[in-house]
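Student: My structure is in model_14.txt, and what it holds is compact mmCIF, C-alpha atoms:
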# COMPACT_ATOMS: atom_id res chain seq x y z
CA MET A 250 13.60 75.14 132.99
CA PRO A 251 14.67 73.68 136.36
CA ALA A 252 16.31 75.89 138.98
CA ILE A 253 19.93 75.00 139.77
CA ARG A 254 21.30 74.99 143.30
CA LEU A 255 25.06 75.17 143.75
CA PHE A 256 26.60 74.02 147.02
CA GLY A 257 30.06 73.12 148.26
CA LEU A 258 31.24 69.97 150.02
CA PRO A 259 34.51 71.04 151.66
CA THR A 260 35.85 67.67 152.73
CA ASP A 261 38.89 65.63 151.78
CA VAL A 262 38.97 63.21 154.70
CA ASN A 263 38.75 60.26 152.28
CA SER A 264 41.65 61.38 150.08
CA SER A 265 44.26 58.67 149.60
CA PHE A 266 47.46 60.61 148.88
CA GLU A 267 47.33 64.17 150.14
CA ARG A 268 44.60 66.43 151.38
CA GLY A 269 43.73 69.79 149.84
CA ALA A 270 40.51 69.25 147.90
CA ALA A 271 38.44 70.60 150.81
CA ALA A 272 39.52 74.07 149.67
CA GLY A 273 38.23 73.42 146.15
CA PRO A 274 34.67 74.76 146.51
CA ALA A 275 35.83 78.16 147.77
CA ALA A 276 38.39 78.48 144.98
CA ILE A 277 35.91 77.58 142.23
CA ARG A 278 33.25 79.85 143.71
CA ALA A 279 35.73 82.76 143.83
CA ALA A 280 36.61 82.18 140.17
CA LEU A 281 32.92 82.03 139.25
CA ARG A 282 32.31 85.41 140.89
CA SER A 283 35.49 87.04 139.63
CA GLU A 284 35.26 89.98 137.26
CA ARG A 285 37.93 88.29 135.11
CA GLY A 286 35.04 86.64 133.28
CA ASN A 287 31.27 86.71 133.07
CA LEU A 288 28.47 84.23 133.76
CA ALA A 289 27.57 83.36 130.15
CA SER A 290 27.84 79.82 128.85
CA GLU A 291 28.91 78.60 125.42
CA LEU A 292 25.35 77.37 124.91
CA GLY A 293 24.20 81.00 125.22
CA PRO A 294 22.26 81.30 128.50
CA GLU A 295 23.75 83.32 131.35
CA ILE A 296 23.64 82.27 135.00
CA GLY A 297 21.29 84.47 137.00
CA VAL A 298 19.80 86.06 133.87
CA ASP A 299 18.51 83.21 131.70
CA ILE A 300 19.17 80.40 134.20
CA ALA A 301 17.55 80.28 137.64
CA PHE A 302 20.56 79.75 139.88
CA ALA A 303 21.22 79.98 143.61
CA ASP A 304 24.33 79.32 145.68
CA ASP A 305 23.65 77.63 149.01
CA GLY A 306 27.25 78.05 150.18
CA ASP A 307 29.10 75.13 151.74
CA LEU A 308 27.39 72.43 153.75
CA PRO A 309 28.72 72.30 157.34
CA LEU A 310 30.55 68.97 157.09
CA SER A 311 32.31 67.37 160.05
CA GLU A 312 34.84 64.86 158.62
CA ASP A 313 32.70 62.09 160.12
CA THR A 314 31.90 60.30 156.85
CA ALA A 315 28.63 58.69 157.98
CA ARG A 316 27.30 61.98 159.34
CA ASP A 317 28.47 63.90 156.28
CA ASP A 318 26.88 61.35 153.93
CA ALA A 319 23.58 61.79 155.76
CA ALA A 320 23.82 65.60 155.57
CA ILE A 321 24.54 65.46 151.84
CA ARG A 322 21.64 63.07 151.22
CA ARG A 323 19.25 65.30 153.18
CA HIS A 324 20.26 68.41 151.25
CA VAL A 325 20.02 66.75 147.83
CA THR A 326 16.70 65.10 148.63
CA MET A 327 15.25 68.44 149.76
CA LEU A 328 16.32 70.10 146.51
CA GLN A 329 15.08 67.30 144.28
CA GLU A 330 11.72 67.11 146.02
CA ASP A 331 11.34 70.82 145.22
CA GLY A 332 12.10 70.15 141.55
CA GLU A 333 15.54 71.79 141.71
CA VAL A 334 18.78 70.31 140.39
CA PRO A 335 21.79 69.99 142.73
CA LEU A 336 25.20 71.02 141.41
CA ALA A 337 27.88 70.13 143.95
CA LEU A 338 31.48 71.31 144.25
CA GLY A 339 33.93 68.94 145.94
CA GLY A 340 35.85 68.07 147.90
CA ASP A 341 37.24 64.66 147.11
CA HIS A 342 35.39 62.19 144.90
CA ALA A 343 34.04 60.19 147.84
CA VAL A 344 31.17 62.72 148.02
CA THR A 345 29.72 61.39 144.77
CA PHE A 346 28.39 58.30 146.57
CA PRO A 347 25.83 60.11 148.77
CA LEU A 348 25.03 62.53 145.94
CA VAL A 349 24.11 59.67 143.60
CA GLU A 350 22.45 57.72 146.40
CA ALA A 351 20.06 60.62 147.02
CA ALA A 352 19.34 61.01 143.31
CA ALA A 353 18.60 57.28 142.97
CA THR A 354 16.28 57.44 145.97
CA CYS A 355 14.27 60.14 144.21
CA PHE A 356 14.41 58.87 140.61
CA GLY A 357 15.46 55.21 140.71
CA PRO A 358 18.77 54.06 139.20
CA VAL A 359 20.45 56.89 137.31
CA ASN A 360 22.65 56.79 134.22
CA ILE A 361 26.05 58.26 135.07
CA LEU A 362 28.51 60.07 132.82
CA HIS A 363 31.83 60.12 134.69
CA PHE A 364 34.93 62.08 133.62
CA ASP A 365 38.12 61.00 135.38
CA ALA A 366 41.69 59.79 134.95
CA HIS A 367 40.86 57.00 137.42
CA PRO A 368 37.90 54.59 137.48
CA ASP A 369 37.38 54.93 141.28
CA LEU A 370 36.18 51.33 141.40
CA TYR A 371 38.43 49.91 144.14
CA ASP A 372 36.65 47.53 146.48
CA ASP A 373 38.49 49.50 149.10
CA PHE A 374 41.66 51.55 148.92
CA GLY A 375 44.15 51.48 151.78
CA GLY A 376 41.56 49.66 153.86
CA ASN A 377 38.97 52.42 153.37
CA PRO A 378 35.84 51.32 151.48
CA ARG A 379 34.70 54.97 151.38
CA SER A 380 37.96 56.18 149.83
CA HIS A 381 37.78 58.67 146.99
CA ALA A 382 39.14 55.76 144.93
CA SER A 383 36.00 53.69 145.66
CA PRO A 384 32.76 55.68 145.20
CA PHE A 385 31.67 53.99 141.99
CA ALA A 386 32.14 50.54 143.52
CA ARG A 387 29.76 51.60 146.30
CA ILE A 388 27.31 53.12 143.80
CA CYS A 389 27.27 50.00 141.63
CA GLU A 390 27.01 47.60 144.57
CA ALA A 391 23.96 49.46 145.82
CA GLY A 392 22.25 49.30 142.41
CA HIS A 393 22.16 53.08 142.04
CA ALA A 394 23.59 53.10 138.49
CA GLY A 395 21.48 51.98 135.57
CA ARG A 396 24.46 52.60 133.30
CA LEU A 397 27.92 53.93 134.13
CA VAL A 398 30.03 55.40 131.31
CA GLN A 399 33.56 56.50 132.22
CA VAL A 400 35.50 58.94 130.03
CA GLY A 401 39.16 59.88 130.34
CA ILE A 402 40.32 56.74 132.19
CA ARG A 403 44.03 56.09 131.73
CA THR A 404 45.12 54.31 134.94
CA LEU A 405 43.23 51.02 134.73
CA ASN A 406 44.96 48.29 136.76
CA GLY A 407 44.00 44.65 137.05
CA HIS A 408 41.75 45.01 140.08
CA CYS A 409 39.79 47.91 138.61
CA ARG A 410 39.53 46.09 135.28
CA GLU A 411 37.93 43.16 137.14
CA GLN A 412 35.63 45.56 138.98
CA ALA A 413 34.59 47.20 135.71
CA GLU A 414 33.72 43.80 134.25
CA ARG A 415 31.89 42.81 137.44
CA PHE A 416 29.68 45.90 137.36
CA GLY A 417 29.28 46.23 133.60
CA VAL A 418 31.02 49.61 133.47
CA GLU A 419 31.50 51.11 130.00
CA ILE A 420 34.96 52.65 129.72
CA VAL A 421 35.72 54.86 126.72
CA PRO A 422 39.52 54.55 126.37
CA MET A 423 41.77 57.59 126.01
CA ALA A 424 43.85 55.92 123.31
CA GLY A 425 42.45 57.26 120.04
CA PHE A 426 39.75 59.16 121.93
CA THR A 427 37.13 61.17 120.07
CA PRO A 428 33.99 62.72 121.60
CA GLY A 429 31.96 60.70 119.11
CA ALA A 430 32.97 57.51 120.94
CA VAL A 431 30.96 58.57 123.99
CA PRO A 432 27.31 57.48 123.89
CA VAL A 433 24.37 59.81 124.37
CA LEU A 434 22.75 58.59 127.58
CA GLU A 435 19.10 58.46 128.51
CA GLY A 436 17.69 60.08 131.63
CA PRO A 437 17.69 60.35 134.50
CA LEU A 438 21.29 61.46 133.93
CA TYR A 439 23.91 62.25 136.57
CA ILE A 440 27.23 63.86 135.58
CA SER A 441 30.39 63.62 137.69
CA ILE A 442 33.52 65.53 136.66
CA ASP A 443 36.80 64.80 138.41
CA LEU A 444 39.09 67.60 137.28
CA ASP A 445 42.03 65.20 136.94
CA GLY A 446 40.22 63.66 133.98
CA ILE A 447 41.40 66.72 132.07
CA ASP A 448 45.04 66.78 131.04
CA PRO A 449 47.24 68.34 133.76
CA ALA A 450 48.57 70.81 131.19
CA GLN A 451 45.09 72.39 131.33
CA ALA A 452 44.12 71.42 134.90
CA PRO A 453 47.21 71.21 137.12
CA GLY A 454 45.40 71.88 140.39
CA VAL A 455 44.69 68.27 141.37
CA ALA A 456 46.31 65.82 143.79
CA HIS A 457 46.69 63.01 141.25
CA PRO A 458 47.76 64.51 137.89
CA GLU A 459 47.89 61.97 135.07
CA PRO A 460 49.36 63.00 131.70
CA GLY A 461 47.59 62.22 128.45
CA GLY A 462 44.14 63.37 129.44
CA LEU A 463 41.12 65.05 127.93
CA THR A 464 41.22 68.57 126.58
CA VAL A 465 38.67 71.09 127.77
CA ARG A 466 37.18 71.18 124.28
CA GLU A 467 36.72 67.39 124.30
CA VAL A 468 34.93 67.55 127.65
CA LEU A 469 32.63 70.30 126.38
CA ALA A 470 31.90 68.36 123.19
CA VAL A 471 30.88 65.30 125.20
CA LEU A 472 28.73 67.39 127.54
CA HIS A 473 27.01 69.38 124.81
CA LYS A 474 25.93 66.24 122.94
CA GLN A 475 24.02 64.94 125.97
CA THR A 476 20.30 65.57 125.57
CA ALA A 477 18.76 63.76 128.55
CA PRO A 478 17.31 65.52 131.60
CA ILE A 479 20.03 65.90 134.25
CA VAL A 480 19.07 65.21 137.87
CA GLY A 481 22.38 66.12 139.49
CA ALA A 482 26.03 66.86 138.84
CA ASP A 483 29.31 67.38 140.63
CA ILE A 484 32.75 68.88 139.98
CA VAL A 485 35.33 67.42 142.34
CA GLU A 486 39.00 67.07 143.29
CA HIS A 487 40.22 70.62 142.74
CA HIS A 488 43.33 71.06 144.94
CA PRO A 489 44.08 74.82 145.03
CA GLY A 490 47.47 74.22 146.62
CA ARG A 491 48.57 72.48 143.42
CA ASP A 492 47.08 75.01 141.02
CA VAL A 493 49.08 77.32 138.74
CA GLY A 494 47.73 80.83 138.29
CA GLY A 495 44.25 79.71 139.31
CA VAL A 496 43.66 78.09 135.92
CA THR A 497 42.02 74.96 137.38
CA ALA A 498 39.65 77.02 139.52
CA ILE A 499 38.76 79.06 136.42
CA LEU A 500 38.08 75.83 134.56
CA GLY A 501 35.88 74.63 137.43
CA ALA A 502 33.90 77.87 137.20
CA LYS A 503 33.50 77.44 133.44
CA LEU A 504 32.19 73.92 133.99
CA VAL A 505 29.66 75.28 136.50
CA ARG A 506 28.36 77.61 133.78
CA GLU A 507 28.31 74.90 131.11
CA LEU A 508 26.59 72.35 133.35
CA ALA A 509 24.02 74.92 134.44
CA ALA A 510 23.24 75.79 130.82
CA LEU A 511 23.05 72.11 129.88
CA ILE A 512 20.70 71.35 132.78
CA GLY A 513 18.49 74.23 131.66
CA ARG A 514 18.57 73.24 127.99
CA ASN A 515 17.76 69.57 128.64
CA GLY A 516 14.86 70.36 130.96
CA PRO A 517 13.42 68.62 134.02
CA TYR A 518 13.15 64.89 134.45
CA PRO A 519 9.52 63.80 134.89
CA TYR A 520 8.63 62.49 138.31
Can the structure in the file be given as structure tokens, please?
Tutor:
Amino acid sequence: MPAIRLFGLPTDVNSSFERGAAAGPAAIRAALRSERGNLASELGPEIGVDIAFADDGDLPLSEDTARDDAAIRRHVTMLQEDGEVPLALGGDHAVTFPLVEAAATCFGPVNILHFDAHPDLYDDFGGNPRSHASPFARICEAGHAGRLVQVGIRTLNGHCREQAERFGVEIVPMAGFTPGAVPVLEGPLYISIDLDGIDPAQAPGVAHPEPGGLTVREVLAVLHKQTAPIVGADIVEHHPGRDVGGVTAILGAKLVRELAALIGRNGPYPY
């Protein structure tokens, strides 16, 4: 069973509407440690008891995107070379680019399961090619994705539709959604969860709420059916300033537990 290393990426410099996601890692970590709940997962194993798990704290990011990307790549590469699996807390979704870049450097192109209300495929957004609306365009351009499956998308405009066709992205539509419509991917598998993929009734603490989203149970059903070795994962875009009663932070903490258990269950990817 691979060891899991949690770390925070407290940056929102590439947010397109309002900042606030930099505070997400601290809020999710506080919910994870809170005595309101425990550290058991629905799969059974418990963090720190059945699952080898360490929290590296937050990386010291600078809001200089190039420098921060390099710091993220270095940290992920170090973990993966030691046979550990990085589990990152954002921060805005722009951080997924260096996270996936490092994974692809270690393992070759990865298959990506991406939960989101938005496809994040803009060639650039507001003149910023590293916008949190653009990470999957950068990932696909660089050849880091063997297969990209997006779940929860419900804001697809013409440009992003063209980008999806250009890059061969597989979008599972929300209309008529069932977990069974999502394929089981092969490894190496990377999982990226933007919390606004979940309906804002269940996850209000995001900068870009979009009604008509996934339920928590649907997300868990999709995750639990994945059987491939997972080489990295992230949970991003929690905006504590928009949260109600801390419910989105609590959800983020639950997803940490579920991802950790899934990583442990599915086992290490062979080098």
Student: Could you work out how far CA of Ala482 (chain A) lies from CA of Thr464 (chain A), giving the answer in Å with one decimal?
Tutor: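 Between CA of Thr464 (chain A) and CA of Ala482 (chain A) the gap works out to 19.6 Å.
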Student: Nearest residue to Pro259 (chain A) out of A:Asp365, A:Glu312, A:Glu411, A:Glu507, using all atoms listed in the file?
Tutor: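 The answer is A:Glu312, which sits nearest to Pro259 (chain A).
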Student: Considering only C-alpha atoms, can you say which of A:Gly436, A:Pro378, A:Gly401, A:Pro368 comes closest to Gly481 (chain A)?
Tutor: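 The answer is A:Gly436, which sits nearest to Gly481 (chain A).
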Student: Go through A:Gly375, A:Ala270, A:Arg254, A:Thr404 one by one, measure the shortest atom-to-atom distance of each to Met327 (chain A) using all atoms listed in the file, and give the residue with the smallest value.
Tutor: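 The shortest atom-to-atom distance to Met327 (chain A) comes from A:Arg254.
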Student: Residues within 6 Å of region 342-353 of chain A, please, as a PDB file with C-alpha atoms, in the coordinates of the input. Count all atoms listed in the file; anything in the same chain fewer than 2 positions from it doesn't count.
Tutor:
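The new file result.pdb reads:
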ATOM      1  CA  ASP A 318      26.880  61.350 153.930  1.00  0.00           C
ATOM      2  CA  ARG A 322      21.640  63.070 151.220  1.00  0.00           C
ATOM      3  CA  THR A 326      16.700  65.100 148.630  1.00  0.00           C
ATOM      4  CA  CYS A 355      14.270  60.140 144.210  1.00  0.00           C
ATOM      5  CA  PHE A 356      14.410  58.870 140.610  1.00  0.00           C
ATOM      6  CA  GLY A 357      15.460  55.210 140.710  1.00  0.00           C
ATOM      7  CA  PRO A 358      18.770  54.060 139.200  1.00  0.00           C
ATOM      8  CA  VAL A 359      20.450  56.890 137.310  1.00  0.00           C
ATOM      9  CA  SER A 380      37.960  56.180 149.830  1.00  0.00           C
ATOM     10  CA  HIS A 381      37.780  58.670 146.990  1.00  0.00           C
ATOM     11  CA  PRO A 384      32.760  55.680 145.200  1.00  0.00           C
ATOM     12  CA  ILE A 388      27.310  53.120 143.800  1.00  0.00           C
ATOM     13  CA  HIS A 393      22.160  53.080 142.040  1.00  0.00           C
ATOM     14  CA  VAL A 485      35.330  67.420 142.340  1.00  0.00           C
TER      15      VAL A 485
END
Student: For CA of Ala289 (chain A) and CA of Gly340 (chain A), determine how far apart the two atoms are, in Å to one decimal place.
Tutor: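 It comes out at 24.8 Å.
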Student: Taking (42.5, 45.0, 140.1) as a centre in this file's frame and 12 Å as the limit, can you find every polymer residue with an atom that close, using all atoms listed in the file, and give them as a list in words?
Tutor: Pro368, Asp369, Leu370, Tyr371, Asp372, Asp373, Phe374, Thr404, Leu405, Asn406, Gly407, His408, Cys409, Arg410, Glu411, Gln412, Ala413, Glu414 and Arg415 of chain A
Student: I need the residue nearest Ile442 (chain A) from this list: A:Arg491, A:Arg403, A:His363, A:Arg466. Use only C-alpha atoms for the distance.
Tutor: A:His363
Student: In Å, with one decimal, what is the gap from CA of Ser283 (chain A) to CA of Val465 (chain A)?
Tutor: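 Straight-line distance from CA of Ser283 (chain A) to CA of Val465 (chain A) works out to 20.1 Å.
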Student: Here is a test: counting all atoms listed in the file, which residue of A:Asp341, A:Asp492, A:Glu295, A:Asp317 is nearest to Pro274 (chain A)?
Tutor: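 The shortest atom-to-atom distance to Pro274 (chain A) comes from A:Asp341.
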Student: Closest to Pro517 (chain A) among A:Leu438, A:Val493, A:Ile361, A:Ala502, using only C-alpha atoms?
Tutor: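 Smallest separation from Pro517 (chain A) among the options: A:Leu438.
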Student: Will you model all heavy atoms for region 431-442 of chain A and pass it back as an mmCIF file, in the coordinates of the input?
Tutor:
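Everything below was put into part_11.cif:
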data_model
loop_
_atom_site.group_PDB
_atom_site.id
_atom_site.type_symbol
_atom_site.label_atom_id
_atom_site.label_comp_id
_atom_site.auth_asym_id
_atom_site.auth_seq_id
_atom_site.Cartn_x
_atom_site.Cartn_y
_atom_site.Cartn_z
ATOM 1 N N VAL A 431 31.736 58.555 122.751
ATOM 2 C CA VAL A 431 30.960 58.570 123.990
ATOM 3 C C VAL A 431 29.474 58.512 123.636
ATOM 4 O O VAL A 431 28.996 59.318 122.836
ATOM 5 C CB VAL A 431 31.264 59.831 124.817
ATOM 6 C CG1 VAL A 431 30.460 59.820 126.117
ATOM 7 C CG2 VAL A 431 32.762 59.927 125.103
ATOM 8 N N PRO A 432 28.731 57.573 124.231
ATOM 9 C CA PRO A 432 27.310 57.480 123.890
ATOM 10 C C PRO A 432 26.504 58.643 124.445
ATOM 11 O O PRO A 432 26.916 59.313 125.398
ATOM 12 C CB PRO A 432 26.884 56.167 124.556
ATOM 13 C CG PRO A 432 27.849 55.962 125.670
ATOM 14 C CD PRO A 432 29.148 56.535 125.197
ATOM 15 N N VAL A 433 25.352 58.875 123.833
ATOM 16 C CA VAL A 433 24.370 59.810 124.370
ATOM 17 C C VAL A 433 23.472 59.001 125.303
ATOM 18 O O VAL A 433 22.813 58.050 124.871
ATOM 19 C CB VAL A 433 23.554 60.469 123.243
ATOM 20 C CG1 VAL A 433 22.459 61.364 123.825
ATOM 21 C CG2 VAL A 433 24.468 61.269 122.325
ATOM 22 N N LEU A 434 23.456 59.370 126.569
ATOM 23 C CA LEU A 434 22.750 58.590 127.580
ATOM 24 C C LEU A 434 21.307 59.049 127.742
ATOM 25 O O LEU A 434 20.989 60.216 127.505
ATOM 26 C CB LEU A 434 23.483 58.686 128.923
ATOM 27 C CG LEU A 434 24.919 58.150 128.917
ATOM 28 C CD1 LEU A 434 25.575 58.377 130.260
ATOM 29 C CD2 LEU A 434 24.943 56.684 128.563
ATOM 30 N N GLU A 435 20.478 58.136 128.179
ATOM 31 C CA GLU A 435 19.100 58.460 128.510
ATOM 32 C C GLU A 435 19.018 58.978 129.942
ATOM 33 O O GLU A 435 19.933 58.809 130.743
ATOM 34 C CB GLU A 435 18.201 57.233 128.332
ATOM 35 C CG GLU A 435 18.129 56.733 126.894
ATOM 36 C CD GLU A 435 17.216 55.537 126.745
ATOM 37 O OE1 GLU A 435 16.759 54.993 127.778
ATOM 38 O OE2 GLU A 435 16.963 55.144 125.599
ATOM 39 N N GLY A 436 17.891 59.599 130.276
ATOM 40 C CA GLY A 436 17.690 60.080 131.630
ATOM 41 C C GLY A 436 17.061 59.019 132.518
ATOM 42 O O GLY A 436 16.578 58.006 132.010
ATOM 43 N N PRO A 437 17.090 59.223 133.810
ATOM 44 C CA PRO A 437 17.690 60.350 134.500
ATOM 45 C C PRO A 437 19.220 60.286 134.436
ATOM 46 O O PRO A 437 19.803 59.229 134.651
ATOM 47 C CB PRO A 437 17.186 60.208 135.943
ATOM 48 C CG PRO A 437 16.928 58.724 136.097
ATOM 49 C CD PRO A 437 16.466 58.256 134.756
ATOM 50 N N LEU A 438 19.850 61.411 134.140
ATOM 51 C CA LEU A 438 21.290 61.460 133.930
ATOM 52 C C LEU A 438 21.972 62.202 135.076
ATOM 53 O O LEU A 438 21.512 63.273 135.488
ATOM 54 C CB LEU A 438 21.594 62.170 132.606
ATOM 55 C CG LEU A 438 23.063 62.383 132.234
ATOM 56 C CD1 LEU A 438 23.806 61.069 132.120
ATOM 57 C CD2 LEU A 438 23.169 63.172 130.928
ATOM 58 N N TYR A 439 23.064 61.606 135.567
ATOM 59 C CA TYR A 439 23.910 62.250 136.570
ATOM 60 C C TYR A 439 25.301 62.413 135.958
ATOM 61 O O TYR A 439 25.821 61.492 135.328
ATOM 62 C CB TYR A 439 24.000 61.399 137.854
ATOM 63 C CG TYR A 439 24.719 62.113 138.971
ATOM 64 C CD1 TYR A 439 24.016 62.827 139.924
ATOM 65 C CD2 TYR A 439 26.112 62.116 139.039
ATOM 66 C CE1 TYR A 439 24.677 63.526 140.927
ATOM 67 C CE2 TYR A 439 26.781 62.811 140.026
ATOM 68 C CZ TYR A 439 26.053 63.512 140.977
ATOM 69 O OH TYR A 439 26.714 64.202 141.956
ATOM 70 N N ILE A 440 25.909 63.582 136.145
ATOM 71 C CA ILE A 440 27.230 63.860 135.580
ATOM 72 C C ILE A 440 28.222 64.147 136.708
ATOM 73 O O ILE A 440 27.956 64.999 137.572
ATOM 74 C CB ILE A 440 27.172 65.060 134.610
ATOM 75 C CG1 ILE A 440 26.268 64.730 133.425
ATOM 76 C CG2 ILE A 440 28.582 65.424 134.122
ATOM 77 C CD1 ILE A 440 26.032 65.893 132.467
ATOM 78 N N SER A 441 29.336 63.422 136.691
ATOM 79 C CA SER A 441 30.390 63.620 137.690
ATOM 80 C C SER A 441 31.700 63.938 136.973
ATOM 81 O O SER A 441 32.171 63.139 136.161
ATOM 82 C CB SER A 441 30.544 62.364 138.553
ATOM 83 O OG SER A 441 31.530 62.558 139.547
ATOM 84 N N ILE A 442 32.274 65.090 137.303
ATOM 85 C CA ILE A 442 33.520 65.530 136.660
ATOM 86 C C ILE A 442 34.625 65.629 137.698
ATOM 87 O O ILE A 442 34.613 66.524 138.557
ATOM 88 C CB ILE A 442 33.353 66.889 135.959
ATOM 89 C CG1 ILE A 442 32.232 66.838 134.916
ATOM 90 C CG2 ILE A 442 34.670 67.304 135.303
ATOM 91 C CD1 ILE A 442 31.956 68.167 134.232
#
